[in-house]
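This is work_0.cif. It holds mmCIF, C-alpha atoms.
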data_data
loop_
_atom_site.label_atom_id
_atom_site.label_comp_id
_atom_site.auth_asym_id
_atom_site.auth_seq_id
_atom_site.Cartn_x
_atom_site.Cartn_y
_atom_site.Cartn_z
CA MET A 97 -67.66 -6.90 87.60
CA GLU A 98 -65.17 -4.07 87.20
CA PRO A 99 -61.71 -5.14 86.08
CA LEU A 100 -59.09 -5.25 88.81
CA VAL A 101 -56.78 -2.26 88.85
CA GLN A 102 -53.47 -3.57 90.04
CA LYS A 103 -51.11 -1.42 92.06
CA ILE A 104 -47.54 -2.34 92.86
CA LEU A 105 -45.15 -0.89 95.42
CA VAL A 106 -41.55 -0.74 94.22
CA ILE A 107 -38.92 -0.62 96.94
CA GLY A 108 -36.11 1.41 95.39
CA GLY A 109 -38.21 2.77 92.54
CA ASN A 110 -35.80 5.57 91.68
CA GLY A 111 -32.86 3.20 91.08
CA PHE A 112 -31.61 1.66 87.84
CA VAL A 113 -33.79 -1.46 87.93
CA GLY A 114 -36.56 0.03 90.07
CA SER A 115 -37.22 2.97 87.74
CA THR A 116 -37.46 0.62 84.77
CA VAL A 117 -39.97 -1.50 86.69
CA CYS A 118 -42.04 1.62 87.40
CA ARG A 119 -42.05 2.65 83.74
CA THR A 120 -42.86 -0.86 82.51
CA ALA A 121 -45.65 -1.35 85.05
CA LEU A 122 -47.31 1.91 84.02
CA ALA A 123 -47.15 0.81 80.37
CA ARG A 124 -48.97 -2.39 81.39
CA GLY A 125 -51.80 -0.41 82.98
CA MET A 126 -50.73 -0.82 86.59
CA GLN A 127 -50.69 1.88 89.22
CA VAL A 128 -47.28 2.39 90.79
CA ALA A 129 -45.89 3.67 94.08
CA SER A 130 -42.23 3.86 95.01
CA VAL A 131 -40.40 3.96 98.33
CA SER A 132 -36.79 5.10 98.58
CA PRO A 133 -34.62 6.83 101.19
CA SER A 134 -34.76 10.17 99.36
CA GLY A 135 -38.29 9.91 97.99
CA ARG A 136 -37.12 11.87 94.96
CA PRO A 137 -38.62 11.09 91.53
CA TRP A 138 -36.33 9.37 89.06
CA GLN A 139 -34.35 11.42 86.55
CA THR A 140 -32.24 10.43 83.57
CA PRO A 141 -28.44 10.63 83.95
CA LYS A 142 -28.64 14.05 82.26
CA GLY A 143 -31.19 15.29 84.78
CA HIS A 144 -34.31 15.04 82.60
CA THR A 145 -37.71 13.99 83.96
CA PRO A 146 -39.73 11.86 81.48
CA GLY A 147 -43.50 12.23 81.41
CA TRP A 148 -44.19 8.82 82.98
CA VAL A 149 -42.41 9.88 86.19
CA HIS A 150 -45.34 12.14 87.12
CA LYS A 151 -47.67 9.12 87.17
CA VAL A 152 -45.75 7.42 89.99
CA GLU A 153 -46.41 8.05 93.68
CA TRP A 154 -42.99 8.85 95.15
CA HIS A 155 -42.63 8.22 98.89
CA GLN A 156 -39.73 8.61 101.28
CA GLY A 157 -39.07 5.61 103.49
CA ASP A 158 -36.54 3.13 104.82
CA ALA A 159 -36.95 -0.55 103.90
CA LEU A 160 -35.60 -1.50 107.34
CA LYS A 161 -38.19 0.68 109.09
CA PRO A 162 -41.68 -0.63 108.21
CA GLU A 163 -43.36 2.24 110.00
CA THR A 164 -42.19 4.52 107.16
CA TYR A 165 -44.17 2.65 104.49
CA ALA A 166 -46.61 0.30 106.29
CA HIS A 167 -49.54 2.60 105.45
CA LEU A 168 -48.99 1.88 101.75
CA LEU A 169 -49.04 -1.94 101.96
CA PRO A 170 -52.78 -2.60 102.44
CA GLY A 171 -53.61 -0.86 99.16
CA VAL A 172 -51.17 -2.66 96.84
CA THR A 173 -51.58 -5.95 95.00
CA ALA A 174 -47.85 -6.73 94.86
CA VAL A 175 -44.51 -5.56 96.24
CA VAL A 176 -41.25 -5.52 94.27
CA HIS A 177 -37.96 -5.32 96.16
CA THR A 178 -35.23 -3.95 93.88
CA ILE A 179 -32.56 -2.65 96.23
CA GLY A 180 -29.26 -4.48 96.63
CA THR A 181 -25.51 -4.05 96.55
CA LEU A 182 -22.89 -5.87 94.50
CA PHE A 183 -20.05 -4.70 96.74
CA GLU A 184 -20.20 -3.88 100.44
CA LYS A 185 -19.77 -0.29 101.61
CA SER A 186 -18.60 0.75 98.17
CA GLY A 187 -19.10 3.68 95.84
CA TYR A 188 -19.35 1.47 92.77
CA LYS A 189 -22.91 2.57 91.93
CA SER A 190 -21.96 6.20 91.52
CA ALA A 191 -18.92 5.13 89.49
CA VAL A 192 -21.13 3.09 87.14
CA LYS A 193 -23.65 5.92 86.87
CA ASP A 194 -20.90 8.46 86.10
CA GLY A 195 -19.10 6.09 83.73
CA SER A 196 -15.84 6.24 85.69
CA VAL A 197 -13.81 3.09 85.00
CA PRO A 198 -10.97 3.92 87.46
CA ARG A 199 -13.42 4.52 90.34
CA LEU A 200 -15.34 1.37 89.47
CA LEU A 201 -12.18 -0.75 89.48
CA SER A 202 -10.97 0.88 92.69
CA SER A 203 -14.30 0.17 94.41
CA ALA A 204 -14.33 -3.44 93.22
CA VAL A 205 -10.75 -4.13 94.31
CA ALA A 206 -11.32 -2.55 97.71
CA ALA A 207 -14.51 -4.54 98.24
CA VAL A 208 -12.94 -7.87 97.26
CA ALA A 209 -9.86 -7.18 99.39
CA GLY A 210 -12.02 -6.48 102.42
CA SER A 211 -14.37 -9.42 101.97
CA GLY A 212 -12.47 -11.93 104.10
CA ARG A 213 -14.30 -13.37 107.09
CA SER A 214 -12.97 -12.13 110.40
CA ALA A 215 -12.51 -14.35 113.42
CA ASN A 216 -13.44 -11.42 115.66
CA PRO A 217 -17.18 -11.64 116.49
CA LEU A 218 -17.37 -7.87 116.95
CA GLU A 219 -16.04 -7.35 113.44
CA ARG A 220 -18.46 -9.95 112.07
CA GLU A 221 -21.34 -8.11 113.74
CA ASP A 222 -20.10 -4.86 112.21
CA LYS A 223 -20.63 -6.40 108.75
CA LYS A 224 -24.39 -6.23 109.41
CA ARG A 225 -24.23 -2.46 109.64
CA GLU A 226 -24.84 0.17 107.01
CA GLY A 227 -23.75 -0.83 103.51
CA SER A 228 -23.31 -4.53 104.24
CA TYR A 229 -24.59 -7.47 102.19
CA ALA A 230 -26.54 -8.77 105.19
CA LEU A 231 -28.36 -5.51 105.75
CA ILE A 232 -29.07 -4.47 102.15
CA ASN A 233 -29.47 -7.74 100.24
CA ARG A 234 -31.10 -9.87 102.94
CA ASP A 235 -32.47 -8.01 105.95
CA SER A 236 -34.16 -5.23 104.00
CA ALA A 237 -36.02 -7.77 101.86
CA LEU A 238 -37.09 -9.89 104.82
CA THR A 239 -38.27 -6.81 106.70
CA VAL A 240 -40.39 -5.58 103.80
CA CYS A 241 -41.80 -9.05 103.14
CA LYS A 242 -42.85 -9.53 106.77
CA ALA A 243 -44.51 -6.10 106.82
CA PHE A 244 -46.34 -6.93 103.58
CA ILE A 245 -47.65 -10.23 104.93
CA ASP A 246 -48.65 -8.64 108.23
CA SER A 247 -50.67 -5.93 106.45
CA GLN A 248 -54.44 -6.23 106.09
CA PRO A 249 -55.24 -5.82 102.37
CA THR A 250 -57.93 -3.34 101.42
CA VAL A 251 -57.92 -4.52 97.80
CA LYS A 252 -59.42 -7.75 96.50
CA VAL A 253 -57.22 -9.84 94.25
CA PRO A 254 -58.03 -13.07 92.37
CA GLY A 255 -55.00 -14.88 93.76
CA PRO A 256 -52.17 -14.56 96.26
CA ARG A 257 -50.43 -11.20 96.45
CA ALA A 258 -46.92 -11.40 95.01
CA PHE A 259 -43.65 -10.44 96.65
CA VAL A 260 -41.06 -10.16 93.89
CA TYR A 261 -37.42 -10.17 94.97
CA ILE A 262 -34.58 -9.23 92.63
CA SER A 263 -31.96 -11.89 93.26
CA ALA A 264 -29.15 -12.99 90.91
CA GLU A 265 -27.63 -15.82 88.93
CA ASP A 266 -24.61 -17.30 90.69
CA CYS A 267 -22.11 -16.21 88.03
CA ASN A 268 -20.19 -13.43 89.73
CA ARG A 269 -17.78 -15.27 92.02
CA PRO A 270 -14.88 -14.78 92.64
CA LEU A 271 -14.85 -11.29 91.10
CA VAL A 272 -17.69 -10.47 93.49
CA PRO A 273 -17.34 -11.79 97.07
CA ALA A 274 -19.38 -14.87 97.93
CA GLY A 275 -21.27 -12.88 100.54
CA TYR A 276 -23.23 -11.25 97.72
CA ILE A 277 -24.85 -14.42 96.41
CA GLU A 278 -25.04 -15.99 99.88
CA THR A 279 -27.18 -13.17 101.24
CA LYS A 280 -29.32 -13.23 98.09
CA ARG A 281 -30.03 -16.93 98.63
CA GLU A 282 -30.65 -16.36 102.34
CA ALA A 283 -33.22 -13.73 101.44
CA GLU A 284 -34.93 -16.10 99.00
CA ALA A 285 -35.11 -18.84 101.64
CA GLY A 286 -36.46 -16.46 104.26
CA ILE A 287 -39.12 -15.06 101.94
CA GLU A 288 -40.16 -18.52 100.80
CA SER A 289 -40.53 -19.65 104.41
CA MET A 290 -42.87 -16.72 105.10
CA VAL A 291 -45.04 -17.15 102.01
CA GLN A 292 -45.29 -20.91 102.48
CA ALA A 293 -46.86 -20.20 105.86
CA ASN A 294 -49.27 -17.68 104.29
CA PRO A 295 -51.16 -19.04 101.26
CA ASN A 296 -52.48 -15.57 100.40
CA TYR A 297 -48.97 -14.65 99.28
CA ARG A 298 -46.43 -15.99 96.80
CA GLY A 299 -42.73 -15.36 96.36
CA VAL A 300 -41.00 -14.83 93.02
CA TYR A 301 -37.21 -14.60 92.78
CA ILE A 302 -35.91 -12.99 89.60
CA ARG A 303 -32.29 -14.05 89.02
CA PRO A 304 -30.71 -11.91 86.28
CA SER A 305 -27.11 -12.12 85.12
CA LEU A 306 -25.26 -8.89 84.24
CA ILE A 307 -27.93 -6.22 83.70
CA TYR A 308 -27.13 -3.62 81.06
CA HIS A 309 -28.54 -0.61 79.26
CA PRO A 310 -26.48 1.02 76.49
CA HIS A 311 -27.60 4.58 77.31
CA TYR A 312 -28.09 4.63 81.09
CA ARG A 313 -25.14 2.32 81.90
CA PRO A 314 -22.75 2.66 78.92
CA ILE A 315 -19.75 1.65 81.04
CA ILE A 316 -21.24 -1.86 81.28
CA SER A 317 -21.92 -2.28 77.55
CA PRO A 318 -18.44 -3.53 76.47
CA VAL A 319 -18.48 -6.21 79.17
CA ALA A 320 -22.03 -7.17 78.25
CA ALA A 321 -21.06 -7.47 74.58
CA LEU A 322 -18.14 -9.78 75.40
CA LEU A 323 -20.26 -11.98 77.68
CA ASP A 324 -23.00 -12.18 75.07
CA LEU A 325 -20.43 -13.24 72.46
CA SER A 326 -19.04 -15.85 74.84
CA ALA A 327 -22.51 -17.25 75.53
CA THR A 328 -23.25 -17.42 71.80
CA ILE A 329 -19.98 -19.21 71.00
CA HIS A 330 -20.48 -21.71 73.82
CA SER A 331 -24.05 -22.41 72.73
CA LYS A 332 -22.86 -23.29 69.22
CA ALA A 333 -19.90 -25.44 70.27
CA PRO A 334 -20.25 -29.14 69.40
CA ALA A 335 -21.07 -31.52 72.24
CA GLY A 336 -17.93 -32.62 74.01
CA PHE A 337 -15.84 -29.77 72.61
CA PRO A 338 -13.35 -28.54 75.26
CA THR A 339 -14.71 -25.02 75.75
CA PRO A 340 -13.32 -22.65 78.41
CA SER A 341 -16.49 -23.18 80.42
CA ALA A 342 -16.10 -26.96 80.32
CA LEU A 343 -12.47 -26.65 81.45
CA LEU A 344 -13.45 -24.44 84.38
CA GLN A 345 -16.15 -26.91 85.42
CA THR A 346 -13.65 -29.77 85.31
CA LEU A 347 -11.16 -27.86 87.43
CA GLY A 348 -13.92 -26.76 89.79
CA GLY A 349 -14.83 -30.37 90.41
CA LEU A 350 -11.37 -30.93 91.88
CA LEU A 351 -11.79 -28.22 94.52
CA PRO A 352 -13.21 -28.77 98.03
CA ARG A 353 -16.93 -28.22 98.57
CA PRO A 354 -17.88 -24.67 99.59
CA SER A 355 -18.32 -23.97 103.29
CA ARG A 356 -22.03 -23.17 102.78
CA PRO A 357 -23.23 -25.63 100.11
CA GLU A 358 -26.89 -24.87 100.82
CA LEU A 359 -26.25 -21.36 99.46
CA THR A 360 -23.42 -21.90 96.97
CA PRO A 361 -23.47 -25.60 96.02
CA ASP A 362 -20.35 -25.47 93.85
CA SER A 363 -17.02 -23.66 93.54
CA ALA A 364 -16.15 -20.20 92.28
CA LEU A 365 -14.76 -21.84 89.12
CA HIS A 366 -18.22 -23.24 88.42
CA ALA A 367 -19.60 -19.72 88.84
CA MET A 368 -17.01 -18.43 86.36
CA ALA A 369 -18.04 -21.17 83.94
CA ARG A 370 -21.63 -20.00 84.16
CA ALA A 371 -20.54 -16.41 83.49
CA LEU A 372 -19.18 -17.59 80.14
CA THR A 373 -22.40 -19.34 79.13
CA ILE A 374 -25.23 -17.23 80.60
CA PRO A 375 -25.83 -14.13 78.45
CA PRO A 376 -26.25 -10.68 79.99
CA ILE A 377 -29.77 -9.30 80.09
CA HIS A 378 -31.23 -5.91 79.18
CA VAL A 379 -32.84 -4.07 82.08
CA ASP A 380 -36.08 -3.74 80.08
CA HIS A 381 -36.36 -7.54 79.90
CA VAL A 382 -35.76 -7.85 83.63
CA ALA A 383 -38.47 -5.26 84.32
CA GLU A 384 -40.91 -7.00 81.97
CA ALA A 385 -40.41 -10.31 83.79
CA ILE A 386 -40.89 -8.57 87.15
CA CYS A 387 -44.17 -7.02 86.04
CA ILE A 388 -45.46 -10.34 84.74
CA ALA A 389 -44.52 -11.92 88.06
CA ALA A 390 -46.30 -9.14 89.96
CA ASP A 391 -49.49 -9.56 87.91
CA ASN A 392 -52.12 -11.14 90.13
CA SER A 393 -53.63 -13.03 87.21
CA ARG A 394 -50.37 -15.00 86.93
CA VAL A 395 -50.70 -17.11 90.06
CA ASP A 396 -48.61 -19.79 88.34
CA VAL A 397 -45.51 -17.60 88.51
CA ARG A 398 -43.63 -18.37 91.70
CA GLY A 399 -40.19 -19.49 92.82
CA PRO A 400 -36.82 -18.73 91.17
CA TYR A 401 -36.43 -17.53 87.58
CA GLY A 402 -32.94 -17.55 86.07
CA VAL A 403 -32.09 -15.89 82.76
CA ALA A 404 -33.38 -18.81 80.66
CA GLN A 405 -36.68 -18.82 82.59
CA ILE A 406 -36.92 -15.02 82.41
CA ARG A 407 -36.62 -15.18 78.62
CA GLU A 408 -39.28 -17.86 78.48
CA LEU A 409 -41.57 -15.86 80.78
CA ILE A 410 -41.44 -12.74 78.59
CA GLY A 411 -41.63 -14.70 75.33
CA TRP A 412 -38.15 -13.56 74.29
CA HIS A 413 -37.62 -16.44 71.84
CA GLN A 414 -40.97 -15.78 70.15
CA LYS A 415 -40.07 -12.07 69.85
CA GLY A 416 -36.75 -12.95 68.26
CA GLN A 417 -38.44 -15.33 65.82
CA ARG A 418 -40.97 -12.67 64.80
CA GLN A 419 -38.14 -10.20 64.17
CA VAL A 420 -36.34 -12.74 61.98
CA GLU A 421 -39.52 -13.44 60.02
CA ALA A 422 -40.17 -9.72 59.62
CA HIS A 423 -36.74 -9.24 58.01
CA ALA A 424 -36.98 -12.37 55.85
#
What would you get if you wrote out this structure as structure tokens?
Amino acid sequence: MEPLVQKILVIGGNGFVGSTVCRTALARGMQVASVSPSGRPWQTPKGHTPGWVHKVEWHQGDALKPETYAHLLPGVTAVVHTIGTLFEKSGYKSAVKDGSVPRLLSSAVAAVAGSGRSANPLEREDKKREGSYALINRDSALTVCKAFIDSQPTVKVPGPRAFVYISAEDCNRPLVPAGYIETKREAEAGIESMVQANPNYRGVYIRPSLIYHPHYRPIISPVAALLDLSATIHSKAPAGFPTPSALLQTLGGLLPRPSRPELTPDSALHAMARALTIPPIHVDHVAEAICIAADNSRVDVRGPYGVAQIRELIGWHQKGQRQVEAHA
């Protein structure tokens, strides 16, 4: 029997995470197709086109319009959804890409200031329009997942086809509006409901913390370094020691329960406490976990994977141990 040639479809393959998934999947021997609004191949921030880019099928399409990519779904063994927004209707992504701190801060402040829930139903409905959390983080994923499940596969796979959704750890509130993580969790629940009803599919929810890359996102590196230091210090603190994270958790326990506990079971102070203890994660490690999850020989990989589980999935601790032994 000929070995299975796996092919994944990356929604948003020319983005920061999506492009890394494409490159990593190719290195693992997978075939790769990408769908994005522009359909343009990925380039480095300096405008260079690496050799691996030419091995990807680049397609133009809209995640919310299945007719633009439905013809690709029967021939793939897994779908990876990488698009999302940290702030609604904001230019923060271009600010991060360009390394502009003032524009990034301006975008973040504007997004947080405009995140309050309106009592006007027409304004609430407007939040589902272009650039909103509901549309980008939730509805696009649910639309793609439904189209994937409805497709008739033309490839034979040894197990259920995977739908991999890039979600997030709940460690961004209140700096990032709650709507971000709420729509991420709504997407997870919606996807899980669909795959539970279709045993030929499985859902995997990758939940990274702050994703960084020192060369492609240098503006993030100082924050990532501080968070990594914080996580290290907290991990080495003696049991019962009054760390900042422990103090935040104590204070958070005094606050009222969130309005949507099924999505955010604890307070924003608890989320801040997690931000101090969960280390940031390199985009290469996120992409490696995604590709393992998309591998149809790994039918055991399903459900949510936070940073600790991501590290376990990619064998991060074993890699670190081998590096230590190599330098001993």
Hey, what comes out of the PyMOL selection byres ((chain A and resi 392) around 9) on this file? Could you write it as a list in words? Gln102, Thr173, Ala174, Val253, Pro254, Gly255, Pro256, Arg257, Ala258, Ile388, Ala389, Ala390, Asp391, Ser393, Arg394 and Val395 of chain A
Kindly extract all protein, DNA and RNA residues lying within 7 Å of the coordinates (-35.6, -7.5, 98.0) given in the file, considering all atoms listed in the file, and supply them as a ChimeraX atom specification. /A:177-179,233,236-237,261-262
Convert the current residue selection to file output with C-alpha atoms, as a tab-separated table (two decimals), in the coordinates of the input.
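See out-v5.tsv below for the written result:
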chain	number	residue	atom	x	y	z
A	177	HIS	CA	-37.96	-5.32	96.16
A	178	THR	CA	-35.23	-3.95	93.88
A	179	ILE	CA	-32.56	-2.65	96.23
A	233	ASN	CA	-29.47	-7.74	100.24
A	236	SER	CA	-34.16	-5.23	104.00
A	237	ALA	CA	-36.02	-7.77	101.86
A	261	TYR	CA	-37.42	-10.17	94.97
A	262	ILE	CA	-34.58	-9.23	92.63
Among the residues A:Gly157, A:Gly348, A:Pro338, A:Pro304, the one that comes closest to Pro400 of chain A [using all atoms listed in the file]: A:Pro304
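Rounded to one decimal, atom CA of Tyr229 of chain A and atom CA of Pro361 of chain A lie 19.2 Å from each other.
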Point-to-point distance from atom CA of Thr140 of chain A to atom CA of Leu322 of chain A, Å rounded to tenths: 26.0 Å
Using all atoms listed in the file, which residues sit within 12 Å of segment 406-408 of chain A once same-chain residues fewer than 2 positions away are excluded, as a count of residues only? 40
What does the PyMOL selection byres ((chain A and resi 142) around 12) select in this file, as a PyMOL selection string? chain A and resi 138-141+143-146+193-194+311-312
Might you spell out which residues the PyMOL selection byres ((chain A and resi 114) around 10) would select in the displayed file, as number ranges by chain? A: 106-113, 115-120, 130-132, 138, 176-179, 262, 379, 383
Quick check, in Å to one decimal: how far apart do atom CA of Trp154 of chain A and atom CA of Ile104 of chain A lie? 12.3 Å
Which of these residues is nearest to Val251 of chain A, using only C-alpha atoms: A:Met368, A:Leu169, A:Ala123, A:Leu409? A:Leu169
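Environment of (-23.0, -8.6, 96.5): residues at most 10 Å away, judged by only C-alpha atoms, are Gly180, Thr181, Leu182, Phe183, Glu184, Ala207, Ser228, Tyr229, Ala230, Ile232, Asn233, Ala264, Asn268, Arg269, Val272, Pro273, Ala274, Gly275, Tyr276, Ile277, Glu278, Thr279 and Lys280 of chain A.
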Please provide as a ChimeraX atom specification all residues within 12 Å of Val291 of chain A, with the sequence filter that same-chain residues fewer than 2 positions apart are discarded (counting all atoms listed in the file). /A:238,241-242,244-246,256-260,284-289,293-300,398-399
Choose the residue, out of A:Glu153, A:Asp396, A:Glu163, A:Glu358, that has the smallest atom-to-atom separation from Ser247 of chain A; count all atoms listed in the file.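 Going through A:Glu153, A:Asp396, A:Glu163, A:Glu358 one by one, the smallest distance to Ser247 of chain A is for A:Glu163.
In terms of minimum interatomic distance to Arg353 of chain A, A:Leu365 ranks closest within A:Leu365, A:Leu231, A:Thr164, A:Ala333, counting all atoms listed in the file.
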